[in-house]
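Have a look at model-v4.txt; it's compact mmCIF, C-alpha atoms:
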```txt
# COMPACT_ATOMS: atom_id res chain seq x y z
CA MET Y 18 164.00 68.35 52.56
CA SER Y 19 160.72 70.19 52.05
CA THR Y 20 158.45 72.25 54.28
CA TRP Y 21 156.08 70.70 56.78
CA ARG Y 22 153.05 72.15 58.49
CA ALA Y 23 151.41 70.32 61.31
CA MET Y 24 147.81 69.20 60.92
CA SER Y 25 145.82 68.91 64.14
CA GLY Y 26 144.49 65.49 63.26
CA VAL Y 27 147.98 64.13 62.59
CA VAL Y 28 149.31 65.61 65.82
CA ALA Y 29 146.42 64.17 67.80
CA GLY Y 30 146.94 60.75 66.25
CA LEU Y 31 150.66 60.77 66.99
CA PHE Y 32 149.97 61.92 70.55
CA THR Y 33 147.73 58.88 71.03
CA VAL Y 34 150.38 56.53 69.66
CA PHE Y 35 153.17 57.83 71.86
CA ALA Y 36 151.06 58.31 74.96
CA ALA Y 37 150.17 54.66 74.72
CA GLY Y 38 153.86 53.80 74.93
CA VAL Y 39 154.17 52.32 71.45
CA SER Y 40 157.78 51.84 70.39
CA PRO Y 41 159.05 53.19 67.06
CA ALA Y 42 159.14 49.68 65.59
CA GLN Y 43 155.43 49.25 66.40
CA GLN Y 44 154.26 52.58 65.06
CA PRO Y 45 151.69 52.54 62.24
CA PRO Y 46 152.86 53.96 58.91
CA ALA Y 47 153.42 57.69 59.18
CA GLN Y 48 150.76 59.87 57.64
CA PRO Y 49 151.74 62.51 55.07
CA ALA Y 50 151.86 65.94 56.64
CA ALA Y 51 149.27 68.44 55.55
CA GLN Y 52 150.65 71.12 53.28
CA GLY Y 53 147.78 73.63 53.18
CA GLU Y 54 148.37 76.26 50.54
CA ASP Y 55 152.10 75.63 50.47
CA GLU Y 56 152.73 72.78 48.09
CA SER Y 57 156.08 73.92 46.71
CA TRP Y 58 157.46 70.51 47.65
CA ALA Y 59 155.21 68.96 44.97
CA ALA Y 60 156.59 71.04 42.08
CA GLY Y 61 157.77 68.66 39.38
CA ARG Y 62 156.11 65.59 40.90
CA PRO Y 63 155.20 62.84 38.39
CA ARG Y 64 151.56 61.82 38.11
CA SER Y 65 152.16 58.16 38.83
CA ASP Y 66 150.31 56.62 41.76
CA ALA Y 67 153.59 55.68 43.44
CA ALA Y 68 154.85 59.27 43.34
CA VAL Y 69 151.54 60.81 44.40
CA ALA Y 70 151.55 58.59 47.49
CA LEU Y 71 154.76 60.23 48.72
CA ALA Y 72 154.73 63.42 50.77
CA PRO Y 73 156.83 65.01 53.56
CA VAL Y 74 156.38 63.41 56.95
CA GLY Y 75 156.70 65.44 60.14
CA ALA Y 76 158.48 64.24 63.25
CA PRO Y 77 156.26 63.00 66.10
CA PRO Y 78 155.60 65.80 68.63
CA ILE Y 79 155.95 63.48 71.63
CA PRO Y 80 159.41 62.06 72.42
CA THR Y 81 159.88 58.31 72.68
CA PRO Y 82 160.36 57.08 76.28
CA ALA Y 83 164.00 56.34 77.07
CA ALA Y 84 163.36 52.64 77.59
CA ARG Y 85 161.95 52.32 74.07
CA LEU Y 86 164.66 54.15 72.17
CA PRO Y 87 166.18 51.95 69.43
CA VAL Y 88 169.75 51.87 70.78
CA ALA Y 89 169.88 48.06 70.70
CA LYS Y 90 169.18 48.19 66.95
CA MET Y 91 172.06 50.55 66.19
CA LYS Y 92 175.23 49.17 64.67
CA VAL Y 93 178.67 50.79 64.87
CA PRO Y 94 182.20 49.52 64.10
CA ASP Y 95 183.97 47.24 66.56
CA GLY Y 96 185.16 49.04 69.67
CA PHE Y 97 182.44 51.72 69.53
CA LYS Y 98 179.38 51.93 71.76
CA VAL Y 99 176.08 53.80 71.43
CA GLU Y 100 174.02 54.83 74.44
CA VAL Y 101 171.14 57.17 75.22
CA TRP Y 102 172.63 60.47 76.33
CA ALA Y 103 169.36 62.41 76.73
CA ALA Y 104 165.70 61.49 76.19
CA GLY Y 105 162.68 63.78 76.25
CA VAL Y 106 164.22 66.31 73.83
CA ALA Y 107 161.20 66.58 71.53
CA ASN Y 108 162.04 67.32 67.88
CA ALA Y 109 165.79 67.54 68.68
CA ARG Y 110 167.60 69.09 65.71
CA SER Y 111 170.80 71.17 65.53
CA MET Y 112 173.20 71.21 68.50
CA ALA Y 113 175.91 73.47 69.93
CA VAL Y 114 178.11 73.02 73.00
CA GLY Y 115 178.65 75.86 75.47
CA ASP Y 116 181.84 76.73 77.35
CA LYS Y 117 180.55 74.95 80.47
CA GLY Y 118 179.49 71.83 78.57
CA THR Y 119 175.82 72.72 78.15
CA VAL Y 120 174.39 71.22 74.97
CA PHE Y 121 171.95 73.59 73.29
CA VAL Y 122 169.39 72.04 70.94
CA GLY Y 123 167.11 73.71 68.39
CA THR Y 124 163.84 72.44 66.93
CA ARG Y 125 162.17 72.81 63.57
CA GLN Y 126 158.51 72.20 64.39
CA LEU Y 127 157.91 72.88 68.09
CA GLY Y 128 159.36 76.38 68.47
CA ASN Y 129 161.50 75.35 71.46
CA VAL Y 130 165.17 75.68 72.28
CA TYR Y 131 166.60 73.33 74.92
CA ALA Y 132 169.63 73.31 77.19
CA VAL Y 133 170.86 69.89 78.31
CA THR Y 134 173.16 69.90 81.33
CA ASP Y 135 175.22 67.01 82.66
CA SER Y 136 175.91 66.64 86.37
CA GLY Y 137 177.68 63.50 87.47
CA GLY Y 138 176.42 61.59 84.44
CA LYS Y 139 172.81 62.67 84.93
CA ARG Y 140 171.34 64.84 82.19
CA THR Y 141 168.67 67.48 82.75
CA VAL Y 142 166.70 68.92 79.85
CA LYS Y 143 165.55 72.51 80.26
CA THR Y 144 163.40 74.46 77.81
CA ILE Y 145 165.01 77.90 77.61
CA ALA Y 146 162.86 79.36 74.81
CA LYS Y 147 159.34 78.70 73.55
CA GLY Y 148 157.11 80.01 70.81
CA LEU Y 149 159.87 80.79 68.33
CA HIS Y 150 159.40 80.34 64.59
CA ARG Y 151 161.38 77.29 63.44
CA PRO Y 152 164.43 77.84 65.71
CA ASN Y 153 166.41 75.09 64.01
CA GLY Y 154 169.90 76.59 64.09
CA VAL Y 155 172.02 77.20 67.19
CA ALA Y 156 175.60 78.41 67.64
CA PHE Y 157 177.66 79.40 70.67
CA LYS Y 158 180.43 81.98 71.04
CA ASP Y 159 181.92 83.90 73.99
CA GLY Y 160 179.14 82.99 76.39
CA ALA Y 161 176.33 83.87 73.96
CA LEU Y 162 173.86 81.54 72.29
CA TYR Y 163 172.80 82.44 68.75
CA VAL Y 164 169.47 81.04 67.57
CA ALA Y 165 168.31 81.15 63.95
CA GLU Y 166 164.59 81.44 63.41
CA LEU Y 167 163.11 81.36 59.94
CA SER Y 168 163.61 85.08 59.27
CA ARG Y 169 165.89 86.40 62.00
CA ILE Y 170 168.82 85.54 64.25
CA LEU Y 171 168.64 86.07 68.02
CA ARG Y 172 171.37 86.24 70.65
CA TYR Y 173 171.04 85.21 74.30
CA ASP Y 174 173.93 86.71 76.26
CA ASP Y 175 175.66 84.96 79.16
CA ILE Y 176 173.19 82.13 78.70
CA GLU Y 177 174.91 79.41 80.73
CA GLN Y 178 174.60 81.57 83.84
CA HIS Y 179 170.85 82.00 83.31
CA LEU Y 180 169.44 78.67 82.15
CA ASP Y 181 166.59 78.85 84.66
CA ALA Y 182 165.70 82.43 83.78
CA PRO Y 183 167.06 83.22 80.31
CA PRO Y 184 167.44 86.89 79.38
CA GLU Y 185 165.37 88.50 76.66
CA PRO Y 186 167.16 87.85 73.37
CA LYS Y 187 168.62 90.57 71.19
CA VAL Y 188 167.86 90.58 67.48
CA VAL Y 189 171.20 90.29 65.68
CA TYR Y 190 170.01 90.09 62.07
CA ASP Y 191 166.59 90.17 60.45
CA ASP Y 192 167.28 90.84 56.78
CA LEU Y 193 166.14 87.33 55.86
CA PRO Y 194 163.27 86.12 53.66
CA LYS Y 195 160.12 84.80 55.28
CA ASP Y 196 159.53 81.91 52.88
CA GLU Y 197 158.51 78.68 54.59
CA PRO Y 198 159.94 76.31 51.94
CA HIS Y 199 163.50 75.48 53.07
CA GLY Y 200 163.21 78.37 55.51
CA TRP Y 201 164.58 76.61 58.60
CA LYS Y 202 168.26 77.34 59.07
CA PHE Y 203 171.50 75.86 60.30
CA ILE Y 204 174.05 78.39 61.56
CA ALA Y 205 177.69 78.22 62.60
CA ILE Y 206 180.49 80.59 63.53
CA GLY Y 207 183.61 80.29 61.41
CA PRO Y 208 187.29 80.67 62.31
CA ASP Y 209 186.97 84.23 60.98
CA ASP Y 210 184.50 84.96 63.84
CA LYS Y 211 181.73 85.47 61.29
CA LEU Y 212 178.26 83.97 61.52
CA TYR Y 213 177.35 81.83 58.51
CA VAL Y 214 173.67 81.48 57.60
CA PRO Y 215 172.08 79.76 54.58
CA ILE Y 216 168.98 80.83 52.68
CA GLY Y 217 167.42 77.89 50.88
CA ALA Y 218 165.55 77.93 47.59
CA PRO Y 219 161.86 78.84 48.16
CA CYS Y 220 160.72 75.82 46.17
CA ASN Y 221 161.61 72.32 45.10
CA ILE Y 222 162.80 73.50 41.68
CA CYS Y 223 162.56 77.05 40.34
CA GLU Y 224 164.67 80.01 39.28
CA PRO Y 225 165.37 81.43 42.76
CA PRO Y 226 165.47 85.15 43.51
CA GLU Y 227 168.88 86.75 44.04
CA THR Y 228 168.21 86.63 47.77
CA HIS Y 229 167.90 82.82 47.90
CA ALA Y 230 169.84 79.58 47.25
CA GLN Y 231 172.95 80.94 48.95
CA ILE Y 232 175.09 81.07 52.08
CA ARG Y 233 175.80 84.42 53.69
CA ARG Y 234 178.22 85.46 56.38
CA ILE Y 235 177.83 88.38 58.74
CA ALA Y 236 179.69 89.91 61.64
CA LEU Y 237 178.52 88.78 65.05
CA ASP Y 238 176.74 92.11 65.50
CA GLY Y 239 174.76 91.54 62.28
CA SER Y 240 176.70 93.97 60.10
CA GLY Y 241 178.62 93.45 56.86
CA ALA Y 242 176.48 90.74 55.27
CA GLU Y 243 177.98 89.17 52.15
CA VAL Y 244 177.21 86.15 49.99
CA VAL Y 245 179.94 83.51 50.09
CA ALA Y 246 178.27 80.74 48.02
CA ARG Y 247 175.49 80.60 45.42
CA GLY Y 248 173.63 77.77 43.73
CA VAL Y 249 172.96 76.09 47.10
CA ARG Y 250 169.47 74.54 47.16
CA ASN Y 251 169.17 73.74 50.86
CA THR Y 252 172.04 73.23 53.26
CA VAL Y 253 171.18 72.26 56.83
CA GLY Y 254 174.70 71.46 57.98
CA PHE Y 255 178.22 72.80 57.59
CA ASP Y 256 181.57 73.01 59.32
CA PHE Y 257 185.04 74.41 58.79
CA ASP Y 258 188.19 72.45 57.96
CA PRO Y 259 190.37 72.62 61.09
CA LYS Y 260 193.49 72.77 58.91
CA THR Y 261 192.52 75.35 56.29
CA GLY Y 262 189.43 77.06 57.68
CA ASP Y 263 187.53 76.28 54.46
CA LEU Y 264 183.74 75.90 54.62
CA TRP Y 265 182.31 72.46 53.85
CA PHE Y 266 178.55 71.90 53.64
CA THR Y 267 175.90 69.34 52.81
CA ASP Y 268 173.25 70.22 50.22
CA ASN Y 269 169.92 68.53 49.53
CA GLY Y 270 169.26 67.80 45.85
CA ARG Y 271 165.99 68.51 44.05
CA ASP Y 272 163.06 66.13 44.27
CA TRP Y 273 161.06 64.23 41.64
CA MET Y 274 163.66 63.80 38.88
CA SER Y 275 163.92 60.12 39.73
CA GLU Y 276 164.03 57.78 42.70
CA ASP Y 277 167.77 57.40 42.14
CA ILE Y 278 168.92 60.88 41.08
CA PRO Y 279 170.10 63.38 41.96
CA ASN Y 280 172.37 62.66 44.90
CA ASP Y 281 172.68 64.96 47.85
CA GLU Y 282 176.09 66.59 47.93
CA LEU Y 283 179.03 67.27 50.20
CA ASN Y 284 180.55 70.55 48.99
CA HIS Y 285 183.81 72.38 49.63
CA LEU Y 286 184.05 76.17 49.29
CA THR Y 287 187.55 77.46 48.52
CA GLN Y 288 186.83 80.89 47.00
CA PRO Y 289 184.18 82.71 49.03
CA GLY Y 290 181.92 84.88 46.92
CA GLN Y 291 183.07 83.39 43.63
CA GLU Y 292 181.63 79.89 43.47
CA HIS Y 293 178.27 78.59 42.21
CA PHE Y 294 177.24 75.06 43.22
CA GLY Y 295 174.73 74.38 40.46
CA TYR Y 296 171.17 74.91 41.61
CA PRO Y 297 168.80 75.10 39.76
CA PHE Y 298 170.41 74.13 36.45
CA CYS Y 299 172.95 71.47 37.45
CA HIS Y 300 172.53 68.67 40.00
CA GLN Y 301 175.20 66.50 41.67
CA GLY Y 302 177.76 68.23 39.46
CA SER Y 303 176.91 66.23 36.36
CA ILE Y 304 173.17 66.30 35.52
CA ARG Y 305 171.49 69.22 33.82
CA ASP Y 306 168.00 69.97 35.05
CA PRO Y 307 165.33 68.95 32.51
CA GLU Y 308 163.68 72.38 32.78
CA PHE Y 309 166.34 74.85 33.91
CA GLY Y 310 169.45 73.22 32.45
CA TRP Y 311 168.87 74.22 28.83
CA GLY Y 312 171.80 76.24 27.51
CA LYS Y 313 173.77 75.66 30.71
CA SER Y 314 176.82 73.54 31.46
CA CYS Y 315 177.76 71.80 34.69
CA GLU Y 316 181.31 72.88 33.96
CA GLU Y 317 180.24 76.38 35.01
CA THR Y 318 179.71 75.14 38.56
CA THR Y 319 181.81 73.84 41.44
CA ALA Y 320 181.59 70.04 41.47
CA PRO Y 321 180.68 68.26 44.73
CA ALA Y 322 183.48 66.95 46.88
CA ALA Y 323 181.41 63.77 47.30
CA LEU Y 324 177.98 62.36 46.50
CA LEU Y 325 176.00 61.22 49.53
CA GLY Y 326 173.02 59.27 48.16
CA PRO Y 327 169.78 60.07 46.30
CA HIS Y 328 167.31 62.12 48.35
CA ILE Y 329 169.08 60.91 51.47
CA ALA Y 330 168.58 64.25 53.28
CA ALA Y 331 172.15 64.87 54.39
CA LEU Y 332 171.93 67.36 57.25
CA GLY Y 333 174.38 68.13 60.06
CA MET Y 334 178.10 67.43 59.59
CA GLU Y 335 181.27 67.98 61.57
CA PHE Y 336 185.00 67.46 61.24
CA TYR Y 337 186.14 65.13 63.99
CA THR Y 338 188.76 66.93 66.07
CA GLY Y 339 188.53 64.81 69.21
CA SER Y 340 191.10 62.35 70.51
CA MET Y 341 188.89 59.48 71.70
CA PHE Y 342 188.31 57.81 68.32
CA PRO Y 343 191.06 55.87 66.52
CA GLU Y 344 193.55 57.73 64.32
CA ALA Y 345 191.70 56.77 61.13
CA TYR Y 346 188.79 59.02 62.17
CA ARG Y 347 190.85 62.09 63.08
CA GLY Y 348 190.02 64.85 60.62
CA ALA Y 349 187.24 62.82 58.99
CA ILE Y 350 183.76 64.29 58.48
CA PHE Y 351 180.78 62.74 60.26
CA ILE Y 352 177.51 63.37 58.41
CA ALA Y 353 173.94 62.87 59.61
CA ARG Y 354 171.74 61.44 56.83
CA HIS Y 355 168.13 61.91 57.87
CA GLY Y 356 166.64 59.59 55.23
CA PRO Y 357 164.31 60.39 52.32
CA TRP Y 358 160.55 60.89 52.34
CA ASN Y 359 160.27 60.89 48.53
CA ARG Y 360 161.84 57.53 47.79
CA THR Y 361 159.93 54.26 47.80
CA GLU Y 362 162.83 52.31 49.29
CA LYS Y 363 164.16 54.05 52.39
CA ILE Y 364 167.89 54.57 52.74
CA GLY Y 365 170.11 56.53 55.11
CA ALA Y 366 168.76 57.24 58.60
CA ASP Y 367 172.39 56.88 59.61
CA ILE Y 368 175.67 58.58 60.33
CA ALA Y 369 178.18 58.37 57.50
CA VAL Y 370 181.88 59.17 57.66
CA ALA Y 371 183.79 60.84 54.82
CA THR Y 372 187.54 60.22 54.84
CA LEU Y 373 189.91 62.83 53.38
CA ASP Y 374 193.44 62.41 52.06
CA ALA Y 375 196.40 64.65 52.87
CA ASP Y 376 195.33 67.08 50.13
CA GLY Y 377 191.81 67.44 51.50
CA ARG Y 378 190.09 65.30 48.87
CA VAL Y 379 187.36 62.85 49.87
CA THR Y 380 188.59 59.31 49.28
CA ARG Y 381 185.49 57.45 50.44
CA VAL Y 382 182.14 57.82 52.17
CA GLU Y 383 180.86 54.88 54.18
CA PRO Y 384 178.21 54.20 56.82
CA PHE Y 385 179.33 54.50 60.44
CA LEU Y 386 176.16 54.22 62.55
CA THR Y 387 173.33 52.20 61.01
CA GLY Y 388 170.36 50.03 61.96
CA LEU Y 389 167.56 52.61 62.03
CA ILE Y 390 165.60 51.28 59.05
CA GLU Y 391 163.35 48.28 59.63
CA ASN Y 392 160.62 46.93 57.33
CA ASN Y 393 161.20 49.96 55.09
CA GLY Y 394 160.34 52.31 57.94
CA TYR Y 395 162.38 54.55 60.22
CA LEU Y 396 163.23 53.62 63.81
CA GLY Y 397 165.06 56.93 64.13
CA ARG Y 398 166.28 59.81 61.94
CA PRO Y 399 169.62 61.46 62.76
CA VAL Y 400 169.78 65.23 62.26
CA ASP Y 401 173.05 66.58 63.66
CA VAL Y 402 176.38 65.55 65.17
CA GLU Y 403 178.43 67.33 67.80
CA THR Y 404 181.71 66.38 69.47
CA LEU Y 405 181.90 66.62 73.27
CA PRO Y 406 185.10 67.76 75.01
CA ASP Y 407 185.95 64.14 75.89
CA GLY Y 408 185.97 63.22 72.18
CA SER Y 409 182.72 61.29 72.13
CA LEU Y 410 180.12 62.11 69.47
CA LEU Y 411 176.54 63.20 70.09
CA VAL Y 412 173.80 62.41 67.55
CA SER Y 413 170.40 64.13 67.64
CA ASP Y 414 167.26 62.30 66.47
CA ASP Y 415 164.15 64.39 65.81
CA HIS Y 416 162.01 61.30 65.12
CA ASN Y 417 162.43 60.08 68.71
CA GLY Y 418 163.23 63.35 70.45
CA ALA Y 419 166.52 62.01 71.76
CA ILE Y 420 170.29 62.46 71.73
CA TYR Y 421 172.67 59.49 71.59
CA ARG Y 422 176.34 59.33 72.55
CA VAL Y 423 178.89 57.35 70.55
CA SER Y 424 182.10 56.50 72.40
CA TYR Y 425 185.14 54.34 71.73
CA GLY Y 426 186.61 51.93 74.23
CA GLY Y 427 189.15 49.99 72.17
```

Please go through the file and, once you have read it, give me the structure as structure tokens.
Amino acid sequence: MSTWRAMSGVVAGLFTVFAAGVSPAQQPPAQPAAQGEDESWAAGRPRSDAAVALAPVGAPPIPTPAARLPVAKMKVPDGFKVEVWAAGVANARSMAVGDKGTVFVGTRQLGNVYAVTDSGGKRTVKTIAKGLHRPNGVAFKDGALYVAELSRILRYDDIEQHLDAPPEPKVVYDDLPKDEPHGWKFIAIGPDDKLYVPIGAPCNICEPPETHAQIRRIALDGSGAEVVARGVRNTVGFDFDPKTGDLWFTDNGRDWMSEDIPNDELNHLTQPGQEHFGYPFCHQGSIRDPEFGWGKSCEETTAPAALLGPHIAALGMEFYTGSMFPEAYRGAIFIARHGPWNRTEKIGADIAVATLDADGRVTRVEPFLTGLIENNGYLGRPVDVETLPDGSLLVSDDHNGAIYRVSYGG
């Protein structure tokens, strides 16, 4: 939910832990990541000892060995099964599936983009780009892979034909801020064949510039940029309703108001360019900010479609359009909840499912894949979800550098 900069001592310590083959359950408590001069994440932090002890925690740079991944700890509803689909995908974040079934994976900390291929049930992980600046977001369209760095969007043409020797990327769009806070991006291509890209607030809580706290859409050649949503603090996951084409997105709430408020949100955009979702003056649709909410009303904003949990770090989400899962899951939204760093009692680290009624209203949100919190620590931290052509669901985990597959067998 806030920026992270690697500190050499932390990286070295984590390298030692993972090189020694220590499983996630045996890891020592994670050390707070160094922030250097950028401490925007601490804005508004209380002075209590308990609050001061909390700070963003970076993902380990070394992936967990396949044999030590916490699949046996994961719990899913009856009839479902979880298995390791790919290990050794360090810092695995957002995913996109190519026309030939290649799964492309971005990273937030390592600067890599991966391509995972499947041949006869055997997965191969290839690094197709290195040295990029927070290439978190990936999207695929007409043979091209789009990669969102912190301040620009790249396009790799005909990528699935050149996984072993990727072409030089073309810069599609670079009119983006260079702020590190909430600078990593999720991208997706809508049913209108436009590329949607968010620009997070450059702070925990502040009055953002006109260029921030929004979602833009642009043509695939980078032209015609327009703002479709404002008041969006930090969305790192969105998808489009397969029935209406409407944009739905997760949004991370501000930090330090309380351990229990505000909730992260699931939002539904129905009027592009006309809706404001509250940040910085209204949180979770009902709470005015103690500093920026004076003279404002939450009634001026679009209320969340659902609340997802306090500081739970809701990230990737996707409407389920496959046919493998039971009818009750068709058209539901699967949501990756990464889990909070700024909450004493850990929650989330799961996949939730939001069920919609015939009118597109959320009727309930409930856990679907759980079991990744043990002794108030994380065994894994889901980031994104992606449906494979066979209807099974992939889940990326940046904590372990792995991708899991959830299938249904009746």

Applying 12 Å and only C-alpha atoms, which residues near Y:Ser111 remain after dropping the ones on its own chain fewer than 6 positions away? List them as a PyMOL selection string.
chain Y and resi 120-125+129-132+151-157+163-165+201-205+253-255+332-335+353+399-403+411-415+418-420

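The residue that comes closest to Y:Val114, out of Y:Arg381, Y:Asn359, Y:Thr404, Y:Leu325 and on the basis of only C-alpha atoms, is Y:Thr404.
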
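Shortest separation to Y:Gly302 among Y:Ile364, Y:Ile278, Y:Leu171, Y:Ala331 occurs at residue Y:Ile278, atoms counted being all atoms listed in the file.
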
Nearest to Y:Pro63, restricted to all atoms listed in the file and choosing among Y:Ala345, Y:Leu127, Y:Met274, Y:Leu162, comes out as Y:Met274

Of the candidates Y:Asp367, Y:Gly427, Y:Ala146, Y:Asp407, which one gets nearest to Y:Met91 if we count all atoms listed in the file?
Y:Asp367

Of the candidates Y:Gly339, Y:Gly377, Y:Leu324, Y:Ile222, which shows the shortest atom-to-atom distance to Y:Phe298, using only C-alpha atoms?
Y:Ile222

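The protein and nucleic acid residues lying at most 6 Å from Y:Ala218 are Cys220, Pro225, His229, Ala230 and Arg250 of chain Y, with only C-alpha atoms considered and sequence neighbours fewer than 2 positions away removed.
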